[in-house]
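protein_12.txt follows; it contains compact mmCIF, C-alpha atoms.
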```
# COMPACT_ATOMS: atom_id res chain seq x y z
CA MET A 1 31.26 31.84 -17.85
CA VAL A 2 30.29 28.55 -19.46
CA THR A 3 27.24 28.89 -21.69
CA ALA A 4 24.79 26.06 -22.17
CA ALA A 5 25.83 25.69 -25.80
CA ALA A 6 29.52 25.67 -24.95
CA ALA A 7 28.99 23.11 -22.22
CA SER A 8 27.19 20.81 -24.63
CA VAL A 9 30.02 21.06 -27.18
CA VAL A 10 32.66 20.41 -24.55
CA ALA A 11 30.72 17.53 -23.07
CA GLY A 12 30.65 15.70 -26.37
CA ALA A 13 34.24 16.41 -27.41
CA ALA A 14 36.70 13.52 -27.49
CA LEU A 15 39.38 15.02 -25.23
CA LEU A 16 41.42 12.06 -24.05
CA PRO A 17 44.49 12.00 -21.84
CA ASN A 18 47.60 11.05 -23.80
CA TRP A 19 47.85 7.39 -22.82
CA GLY A 20 49.85 6.31 -25.88
CA ALA A 21 49.17 3.34 -28.15
CA ASN A 22 49.04 0.69 -25.41
CA ALA A 23 46.96 2.12 -22.54
CA ALA A 24 47.39 -0.91 -20.32
CA SER A 25 51.20 -0.53 -20.30
CA VAL A 26 51.35 3.19 -19.52
CA ALA A 27 51.89 3.88 -15.81
CA GLU A 28 52.12 7.69 -15.96
CA PRO A 29 49.53 9.14 -18.38
CA THR A 30 49.75 12.80 -19.28
CA VAL A 31 46.95 15.29 -19.82
CA ASP A 32 46.86 17.05 -23.16
CA PRO A 33 45.92 20.75 -23.55
CA GLY A 34 42.40 19.89 -24.66
CA THR A 35 41.73 17.88 -21.52
CA ARG A 36 43.16 20.65 -19.32
CA ALA A 37 40.80 23.08 -21.05
CA THR A 38 37.90 20.75 -20.29
CA PHE A 39 38.96 20.54 -16.64
CA GLN A 40 38.75 24.33 -16.55
CA ARG A 41 35.36 24.44 -18.27
CA LEU A 42 33.88 21.85 -15.94
CA ALA A 43 35.13 23.83 -12.92
CA ASP A 44 33.61 26.96 -14.47
CA ALA A 45 30.29 25.13 -14.86
CA VAL A 46 30.30 23.89 -11.25
CA PHE A 47 30.89 27.32 -9.75
CA THR A 48 28.57 29.04 -12.23
CA ASP A 49 25.81 26.65 -11.13
CA ARG A 50 26.46 27.57 -7.50
CA THR A 51 26.28 31.29 -8.25
CA ASP A 52 23.17 30.95 -10.40
CA ALA A 53 21.40 29.24 -7.50
CA LEU A 54 21.50 32.60 -5.72
CA VAL A 55 20.14 34.70 -8.59
CA ASP A 56 16.47 35.60 -8.52
CA LYS A 57 14.42 33.48 -10.97
CA SER A 58 17.55 31.71 -12.18
CA ASP A 59 15.99 28.28 -11.73
CA SER A 60 13.40 28.78 -14.46
CA GLY A 61 15.84 30.40 -16.88
CA ARG A 62 18.73 27.95 -16.75
CA GLY A 63 17.22 24.47 -16.87
CA LYS A 64 19.34 21.64 -15.53
CA PRO A 65 22.74 22.54 -14.06
CA LEU A 66 25.58 23.17 -16.50
CA ALA A 67 27.88 20.69 -14.78
CA SER A 68 25.39 17.85 -15.31
CA ARG A 69 25.75 18.27 -19.08
CA PHE A 70 29.34 17.03 -19.05
CA SER A 71 29.63 13.36 -19.93
CA GLY A 72 32.06 11.00 -21.54
CA ASP A 73 35.73 11.75 -21.11
CA VAL A 74 35.51 14.51 -18.44
CA ARG A 75 32.57 14.61 -16.08
CA LEU A 76 31.42 14.71 -12.45
CA SER A 77 31.64 11.52 -10.46
CA SER A 78 28.28 10.23 -9.22
CA THR A 79 29.23 10.97 -5.61
CA LEU A 80 30.28 14.56 -6.35
CA SER A 81 27.19 15.04 -8.50
CA HIS A 82 25.00 14.20 -5.49
CA GLN A 83 27.07 16.53 -3.30
CA GLU A 84 26.67 19.39 -5.76
CA ASP A 85 22.92 18.78 -5.97
CA SER A 86 22.81 19.13 -2.18
CA ALA A 87 24.93 22.29 -2.33
CA LEU A 88 22.61 23.86 -4.90
CA SER A 89 19.60 23.05 -2.72
CA THR A 90 21.32 24.71 0.24
CA LEU A 91 22.15 27.80 -1.82
CA ARG A 92 18.56 28.12 -3.04
CA GLY A 93 17.52 28.12 0.60
CA ARG A 94 20.10 30.84 1.23
CA LYS A 95 18.58 32.83 -1.63
CA SER A 96 15.19 32.66 0.10
CA ARG A 97 16.68 33.82 3.42
CA LEU A 98 18.38 36.70 1.64
CA ALA A 99 15.12 37.70 -0.05
CA ALA A 100 13.44 37.78 3.36
CA LEU A 101 16.17 40.19 4.46
CA GLY A 102 15.51 42.42 1.45
CA GLU A 103 18.45 41.32 -0.70
CA LYS A 104 18.15 39.84 -4.17
CA TYR A 105 20.55 39.38 -7.07
CA SER A 106 19.39 40.03 -10.63
CA ASN A 107 22.46 38.80 -12.46
CA ALA A 108 25.77 37.07 -11.88
CA ASP A 109 29.02 36.41 -13.67
CA THR A 110 31.45 33.65 -12.69
CA THR A 111 34.71 32.87 -14.45
CA VAL A 112 37.30 30.25 -13.52
CA SER A 113 40.96 30.30 -14.53
CA LEU A 114 43.21 27.25 -14.35
CA ASP A 115 46.35 28.01 -12.35
CA ARG A 116 48.16 24.67 -12.19
CA THR A 117 47.67 21.02 -13.15
CA ARG A 118 49.64 18.14 -11.64
CA VAL A 119 49.28 14.56 -12.87
CA LYS A 120 50.49 11.44 -11.07
CA GLY A 121 49.40 8.13 -12.49
CA ARG A 122 45.65 8.23 -12.92
CA HIS A 123 45.18 11.19 -10.59
CA ALA A 124 45.18 14.88 -11.52
CA THR A 125 45.16 17.79 -9.10
CA VAL A 126 43.97 21.09 -10.56
CA ASP A 127 44.27 24.50 -8.87
CA VAL A 128 41.79 27.13 -10.06
CA THR A 129 40.82 30.71 -9.24
CA GLU A 130 37.13 31.64 -9.25
CA THR A 131 36.11 35.27 -9.79
CA THR A 132 32.43 36.07 -9.25
CA THR A 133 30.37 39.27 -9.44
CA LEU A 134 26.73 39.45 -8.34
CA THR A 135 24.47 42.36 -9.31
CA TYR A 136 22.01 43.62 -6.72
CA GLU A 137 18.43 43.49 -8.06
CA LYS A 138 17.49 46.85 -6.60
CA ALA A 139 20.65 48.89 -6.24
CA LYS A 140 20.20 51.76 -3.83
CA ALA A 141 20.99 55.34 -4.76
CA ASN A 142 24.71 56.02 -4.26
CA GLY A 143 25.11 52.43 -3.12
CA PRO A 144 27.09 49.55 -4.62
CA ALA A 145 25.57 48.00 -7.71
CA THR A 146 27.46 44.77 -7.27
CA THR A 147 29.30 42.58 -4.81
CA GLY A 148 32.16 40.32 -5.77
CA PHE A 149 34.79 37.90 -4.55
CA GLN A 150 37.78 35.86 -5.65
CA ALA A 151 38.24 32.33 -4.32
CA HIS A 152 40.78 29.56 -4.81
CA HIS A 153 39.95 25.87 -5.10
CA GLN A 154 41.75 22.59 -5.62
CA LEU A 155 40.00 19.97 -7.77
CA THR A 156 40.88 16.29 -7.89
CA PHE A 157 40.27 14.14 -10.97
CA GLN A 158 40.67 10.40 -11.38
CA ALA A 159 40.96 8.56 -14.71
CA ASP A 160 40.30 4.95 -15.66
CA ARG A 161 42.10 2.88 -18.29
CA GLN A 162 39.67 4.02 -20.96
CA GLY A 163 40.69 7.64 -20.44
CA THR A 164 37.58 8.80 -18.62
CA TRP A 165 38.43 11.55 -16.14
CA GLN A 166 35.96 12.11 -13.29
CA LEU A 167 35.93 15.12 -11.01
CA THR A 168 35.90 13.48 -7.58
CA GLY A 169 36.58 16.30 -5.12
CA ILE A 170 36.55 20.07 -4.61
CA ARG A 171 38.47 21.70 -1.76
CA ASP A 172 38.47 25.41 -0.95
CA THR A 173 42.08 26.44 -0.30
CA ASP A 174 41.53 29.94 1.09
CA ASP A 175 41.67 30.21 4.85
CA GLY A 176 37.95 30.70 5.30
CA TYR A 177 34.79 29.83 3.40
CA LEU A 178 32.98 33.12 3.23
CA ALA A 179 32.19 33.31 -0.47
CA VAL A 180 28.46 33.81 -0.85
CA ASN A 181 28.15 30.78 -3.16
CA GLN A 182 30.06 28.43 -0.86
CA VAL A 183 28.37 26.05 1.54
CA ALA A 184 29.67 26.25 5.09
CA LYS A 185 31.71 23.33 6.35
CA PRO A 186 30.38 21.60 9.47
CA ALA A 187 31.56 23.44 12.56
CA VAL A 188 33.73 21.47 14.93
CA ALA A 189 34.24 23.03 18.33
CA ALA A 190 37.90 23.37 19.27
CA PRO A 191 39.21 23.21 22.83
CA GLN A 192 39.33 26.65 24.39
CA THR A 193 42.79 27.76 25.41
CA ALA A 194 43.90 30.23 28.04
CA ALA A 195 44.92 32.67 25.31
CA ASP A 196 41.48 32.50 23.72
CA ALA A 197 39.92 33.43 27.05
CA GLY A 198 42.36 36.29 27.61
CA PRO A 199 41.20 39.82 28.43
CA PRO A 200 39.50 41.92 27.40
CA ASP A 201 36.36 40.04 26.45
CA ALA A 202 34.23 41.41 23.60
CA PRO A 203 30.46 41.20 24.09
CA ARG A 204 28.54 39.50 21.29
CA ALA A 205 26.48 41.66 18.95
CA SER A 206 22.85 41.02 18.08
CA THR A 207 21.91 40.31 14.46
CA SER A 208 18.28 41.47 14.67
CA ARG A 209 17.19 44.06 12.15
CA ASN A 210 15.49 46.32 14.71
CA ALA A 211 18.77 47.84 15.91
CA PRO A 212 18.55 50.97 18.07
CA ALA A 213 20.04 54.05 16.44
CA LYS A 214 23.79 54.46 16.92
CA PRO A 215 24.93 57.15 14.46
CA LYS A 216 28.68 57.46 13.94
CA ASN A 217 30.46 60.76 14.51
CA PHE A 218 32.99 60.69 11.70
CA SER A 219 34.85 63.77 12.90
CA ALA A 220 35.29 62.75 16.54
CA THR A 221 38.30 60.44 16.18
CA GLY A 222 40.44 62.23 13.63
CA TYR A 223 40.57 59.11 11.46
CA ASP A 224 40.01 59.28 7.70
CA TYR A 225 37.20 56.82 7.00
CA LYS A 226 37.04 57.69 3.30
CA ALA A 227 40.71 56.71 3.03
CA MET A 228 39.88 53.40 4.72
CA ALA A 229 37.13 52.63 2.21
CA ALA A 230 39.35 53.67 -0.70
CA TYR A 231 42.21 51.44 0.49
CA ALA A 232 39.87 48.46 0.86
CA GLN A 233 38.48 49.02 -2.63
CA LYS A 234 41.99 49.20 -4.11
CA TYR A 235 43.44 46.14 -2.39
CA TRP A 236 40.54 43.74 -1.76
CA LYS A 237 41.64 41.57 -4.69
CA ASN A 238 45.07 42.90 -5.70
CA TYR A 239 47.11 42.64 -2.52
CA ASN A 240 49.38 45.52 -1.46
CA PRO A 241 52.97 44.33 -2.06
CA ALA A 242 54.13 46.51 0.83
CA TYR A 243 52.74 43.84 3.21
CA PRO A 244 53.11 40.08 3.39
CA ASP A 245 50.28 37.93 2.02
CA PHE A 246 49.02 35.41 4.59
CA ASN A 247 46.24 33.98 2.42
CA GLY A 248 46.26 30.21 2.32
CA GLU A 249 45.77 27.32 4.68
CA ALA A 250 49.41 27.13 5.77
CA ASP A 251 49.61 30.84 6.62
CA GLY A 252 46.39 31.09 8.63
CA GLY A 253 44.57 33.64 6.47
CA ASP A 254 44.98 37.31 5.58
CA CYS A 255 41.73 38.71 6.98
CA THR A 256 43.03 40.57 10.04
CA ASN A 257 46.22 41.64 8.28
CA PHE A 258 44.00 43.30 5.66
CA VAL A 259 41.73 44.97 8.24
CA SER A 260 44.80 46.34 10.04
CA GLN A 261 46.15 47.74 6.77
CA VAL A 262 42.83 49.47 6.11
CA LEU A 263 42.79 51.02 9.58
CA LYS A 264 46.43 52.09 9.22
CA ALA A 265 45.60 53.78 5.90
CA GLY A 266 42.92 55.73 7.76
CA GLY A 267 45.22 56.97 10.49
CA TRP A 268 45.76 54.23 13.08
CA LYS A 269 49.29 54.65 14.45
CA HIS A 270 51.78 51.95 15.38
CA VAL A 271 52.32 51.02 19.01
CA PRO A 272 55.81 49.45 18.87
CA GLY A 273 57.17 46.88 21.30
CA ASP A 274 57.01 43.15 21.88
CA GLY A 275 55.08 41.64 18.98
CA THR A 276 53.56 38.96 21.21
CA ASP A 277 52.11 41.56 23.61
CA TYR A 278 48.54 42.31 22.57
CA HIS A 279 48.93 45.85 23.90
CA LYS A 280 51.26 46.53 20.93
CA TRP A 281 50.19 46.96 17.32
CA PHE A 282 52.40 47.39 14.24
CA GLY A 283 52.88 45.96 10.77
CA ASN A 284 54.98 46.49 7.66
CA SER A 285 56.70 44.36 5.02
CA GLU A 286 59.24 42.99 7.51
CA ILE A 287 57.47 42.41 10.80
CA GLN A 288 53.95 42.36 12.23
CA SER A 289 52.67 42.16 15.78
CA ASP A 290 50.30 39.35 16.70
CA SER A 291 47.59 41.98 17.12
CA PHE A 292 48.13 43.20 13.55
CA VAL A 293 47.49 39.78 11.99
CA GLY A 294 45.65 37.70 14.62
CA VAL A 295 41.86 37.77 14.97
CA ASN A 296 41.66 37.45 18.76
CA GLU A 297 44.80 39.49 19.42
CA PHE A 298 43.39 42.33 17.31
CA SER A 299 40.22 42.34 19.41
CA TRP A 300 42.23 42.44 22.64
CA PHE A 301 44.41 45.32 21.40
CA ALA A 302 41.55 47.33 19.94
CA LEU A 303 39.46 47.12 23.12
CA SER A 304 42.28 47.54 25.65
CA SER A 305 43.68 50.56 23.77
CA LYS A 306 40.21 52.17 23.64
CA ARG A 307 40.55 52.56 19.87
CA VAL A 308 37.22 50.78 19.52
CA THR A 309 34.05 50.31 21.52
CA SER A 310 31.72 47.35 21.17
CA LEU A 311 28.41 47.78 19.37
CA ALA A 312 25.27 46.02 20.57
CA ASN A 313 24.03 45.19 17.07
CA VAL A 314 25.79 44.48 13.78
CA TYR A 315 23.35 46.76 11.93
CA GLN A 316 24.71 49.73 13.89
CA MET A 317 28.04 49.51 12.06
CA ASP A 318 29.20 52.17 9.63
CA VAL A 319 32.21 52.78 7.36
CA GLY A 320 35.48 51.89 9.08
CA ASP A 321 33.88 49.71 11.77
CA VAL A 322 35.07 46.14 12.20
CA LEU A 323 33.04 42.91 12.25
CA GLN A 324 34.40 39.63 13.62
CA MET A 325 32.88 36.14 13.66
CA ASP A 326 33.19 32.97 15.70
CA PHE A 327 31.90 30.28 13.35
CA ASN A 328 31.73 27.36 15.76
CA ARG A 329 30.90 29.41 18.89
CA ASP A 330 33.87 28.02 20.83
CA GLY A 331 34.91 31.41 22.25
CA SER A 332 37.75 31.92 19.78
CA LYS A 333 37.07 34.41 16.99
CA ASP A 334 37.81 33.17 13.46
CA HIS A 335 37.41 36.01 10.98
CA SER A 336 37.74 39.81 10.64
CA MET A 337 36.02 42.16 8.15
CA ILE A 338 35.73 45.92 7.73
CA VAL A 339 32.69 48.00 6.75
CA THR A 340 33.18 49.88 3.47
CA TYR A 341 29.62 51.11 2.88
CA ARG A 342 26.36 51.64 4.77
CA SER A 343 23.13 51.90 2.78
CA PRO A 344 20.47 54.54 3.47
CA GLN A 345 18.31 51.64 4.68
CA GLY A 346 20.83 50.91 7.44
CA VAL A 347 22.58 47.83 6.03
CA PRO A 348 26.38 47.74 6.44
CA TYR A 349 28.49 46.18 3.67
CA VAL A 350 31.82 44.54 4.48
CA THR A 351 35.03 43.89 2.56
CA TYR A 352 37.59 41.25 3.52
CA HIS A 353 40.35 38.87 2.55
CA SER A 354 40.25 35.08 2.63
CA THR A 355 38.03 34.69 0.62
CA ASN A 356 38.67 38.05 -1.12
CA THR A 357 35.31 39.83 -1.13
CA TYR A 358 34.17 43.40 -1.79
CA ASN A 359 31.00 45.10 -0.48
CA ARG A 360 29.09 42.06 0.76
CA SER A 361 26.07 42.96 2.85
CA VAL A 362 25.93 41.99 6.50
CA ALA A 363 22.48 40.56 5.74
CA SER A 364 24.12 38.15 3.30
CA ILE A 365 26.72 37.12 5.88
CA ILE A 366 24.05 36.42 8.50
CA ALA A 367 21.89 34.50 6.01
CA SER A 368 24.88 32.29 5.21
CA TYR A 369 26.01 31.79 8.82
CA PRO A 370 22.94 32.24 11.05
CA ASN A 371 24.45 30.21 13.91
CA ALA A 372 27.77 32.06 14.20
CA TYR A 373 28.61 34.52 16.97
CA TYR A 374 29.18 38.11 15.81
CA TYR A 375 31.26 40.92 17.34
CA ALA A 376 30.92 44.51 16.12
CA TYR A 377 33.41 47.28 16.90
CA ARG A 378 33.02 51.02 16.44
CA THR A 379 36.35 52.56 15.38
```

Produce C-alpha cells that represent the structure in this file.
Amino acid sequence: MVTAAAASVVAGAALLPNWGANAASVAEPTVDPGTRATFQRLADAVFTDRTDALVDKSDSGRGKPLASRFSGDVRLSSTLSHQEDSALSTLRGRKSRLAALGEKYSNADTTVSLDRTRVKGRHATVDVTETTTLTYEKAKANGPATTGFQAHHQLTFQADRQGTWQLTGIRDTDDGYLAVNQVAKPAVAAPQTAADAGPPDAPRASTSRNAPAKPKNFSATGYDYKAMAAYAQKYWKNYNPAYPDFNGEADGGDCTNFVSQVLKAGGWKHVPGDGTDYHKWFGNSEIQSDSFVGVNEFSWFALSSKRVTSLANVYQMDVGDVLQMDFNRDGSKDHSMIVTYRSPQGVPYVTYHSTNTYNRSVASIIASYPNAYYYAYRT
C-alpha cells in the first residue's frame, strides 16, 4: 500500500522517461525503471483511495486522496482526476448503504503489482494486478474476519515533450466489475435472443432482508457442502490448473466455470453428451459443456435436471447455493457466484471468479448493484 509519506516522496522525484539528449528528435521514448516504479505507485494510490472510501471513518483519518499528491513527472490527468473524485463520492455512498445493511469495514489493505509495460511513442500501456483485503468491523463468531478480491486493470499514460507522463485512463480487464471498490459501468440493455429466452425460466429472487425461513437440509442431497466451501477457498485466487482459465474479456469470464468446479468437488456428477445441449453438463481440462461454463446454460441445466430449486429470496441461501445476476435486466443472466458461508444473522457470503473474490456478503453485492435482477438457487 502507498503511504502518505511515500506518495509525497514519489511525487517530488525526478523520474523522467529516457528521451535522450535531444527530446524533440526522439520519436520513440523509453520508460526507465524509476518511471515504471512510479506508474506502479500511482496505480497503488488510485486503488488504495477507492478502497479507503469504503472503510469506516477513513475520510477523517486519511486527508486528501493519495493519488492527488502525485505531481510533476507522473500524475493524474485533470480529466481522470475529476473521474476519480466522482468514483470516490460514489463509493462513500456505497459505504453508507452498506452500513444501513449492518456491514462496515474497519481496515483495508490494497497492493498493486505491475505486470507489463508497453511504450509506443508518447503512449504507455500498463497492466497491473490489484489485491485487496477488507476487514469486517464486527466479525461474527465463527464467521469470516475479512473479504478479499484480486482484479486486473489496464492503465494508459501519455507523455509530452517535457517528459511529463499523465495517467489518462483506467480500464478493468476482468470479465465483470464486481470488486467492492469498483464503480459499476452504465448498463446498456442488449437485444434479447431466442436462446436467452429458452426454457426453463428462473424466477427472480427478492433482496429484502425480511426473508421467510428456508433452512437447508444438508444431508438430503448427498452432496458434500464442506468440500464445496473448501474448494472455493483454495481456488478463488489461484486457479486450478486441471481446468481451463476463461478469465478475461476475450474468453467471456470464468465465473460459471468456477461455480461448476465447486459443485463438482462437492459431488455433482457429469451428464455426458452434446456439449451444446443444456441438458448435458461436464467439464475437465480438455472439454466443457456450454452448461458448465455459460451463465444462462447453467441455469437451464440446473433447473431442468432438478439439481436445484429456485429460492424466493437471496437471504435464504446457504453454503453451496448459487446466486446469479442480470446487471442490465435484459433477461440474460450475466454472472454466477456460490455461497461459501452463512452468518448466524442470516447473511450469505459468496465467492466467485471474474473479479476473483472470496467471502463477499450478499448485502455488499446488493448495495453495489441495487438495480440488478437476482436469481437464487438451492443446490

Report task. Excluding stretch 103-117 of chain A and any residue of its chain fewer than 2 positions from it, enumerate the residues within 9 Å of it, using all atoms listed in the file, and give them as a ChimeraX atom specification. Result -> /A:1-2,31,36-37,39-41,43-45,47-48,51-52,54-58,95-101,119,124-138,146,361,363-364

Query raised in the report: So what do you get for atom CA of A:His82 versus atom CA of A:Arg161, distance-wise?
Result: 24.2 Å

Report task. Could you give me, as a list in words, the residues within 7 Å of A:Tyr375, counting only C-alpha atoms and dropping anything in the same chain fewer than 6 positions from it? Result -> Ala202, Pro203, Arg204, Ala205, Leu323, Gln324 and Met325 of chain A

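Atom CA of A:Ala179 sits 24.0 Å away from atom CA of A:Ser77.
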
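We find atom CA of A:Gln83 and atom CA of A:Tyr369 to be spaced 19.5 Å apart.
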
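Around the point (30.4, 19.8, -10.0), within 8 Å and counting all atoms listed in the file, we find these residues: Leu42, Ala43, Ala45, Val46, Phe47, Ala67, Ser68, Leu76, Leu80, Ser81, Glu84 and Leu167 of chain A.
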
Would you output that residue set with C-alpha atoms, as an mmCIF file, in the coordinates of the input?
```cif
data_model
loop_
_atom_site.group_PDB
_atom_site.id
_atom_site.type_symbol
_atom_site.label_atom_id
_atom_site.label_comp_id
_atom_site.auth_asym_id
_atom_site.auth_seq_id
_atom_site.Cartn_x
_atom_site.Cartn_y
_atom_site.Cartn_z
ATOM 1 C CA LEU A 42 33.880 21.850 -15.940
ATOM 2 C CA ALA A 43 35.130 23.830 -12.920
ATOM 3 C CA ALA A 45 30.290 25.130 -14.860
ATOM 4 C CA VAL A 46 30.300 23.890 -11.250
ATOM 5 C CA PHE A 47 30.890 27.320 -9.750
ATOM 6 C CA ALA A 67 27.880 20.690 -14.780
ATOM 7 C CA SER A 68 25.390 17.850 -15.310
ATOM 8 C CA LEU A 76 31.420 14.710 -12.450
ATOM 9 C CA LEU A 80 30.280 14.560 -6.350
ATOM 10 C CA SER A 81 27.190 15.040 -8.500
ATOM 11 C CA GLU A 84 26.670 19.390 -5.760
ATOM 12 C CA LEU A 167 35.930 15.120 -11.010
#
```

Query - Using all atoms listed in the file: which of A:Ala367, A:Asp321, A:Val347, A:Phe327 has the shortest distance to A:Gly93 - result: A:Ala367

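The shortest atom-to-atom distance to A:Ser260, with all atoms listed in the file taken into account, belongs to A:Thr379 out of A:Asn328, A:Thr379, A:Thr207, A:Gln166.
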
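Counting all atoms listed in the file, A:Met317 has the following residues at most 7 Å away, ignoring those fewer than 3 positions along the same chain: Val314, Asp321, Pro348 and Arg378 of chain A.
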
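Distances from A:Gln158, A:Asn284, A:Asn142, A:Asn238 to A:His353 were compared using all atoms listed in the file, and the smallest one belongs to A:Asn238.
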
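Nearest to A:Val74 of all the residues A:Tyr358, A:Trp165, A:Tyr374, A:Phe157 is A:Trp165, counting all atoms listed in the file.
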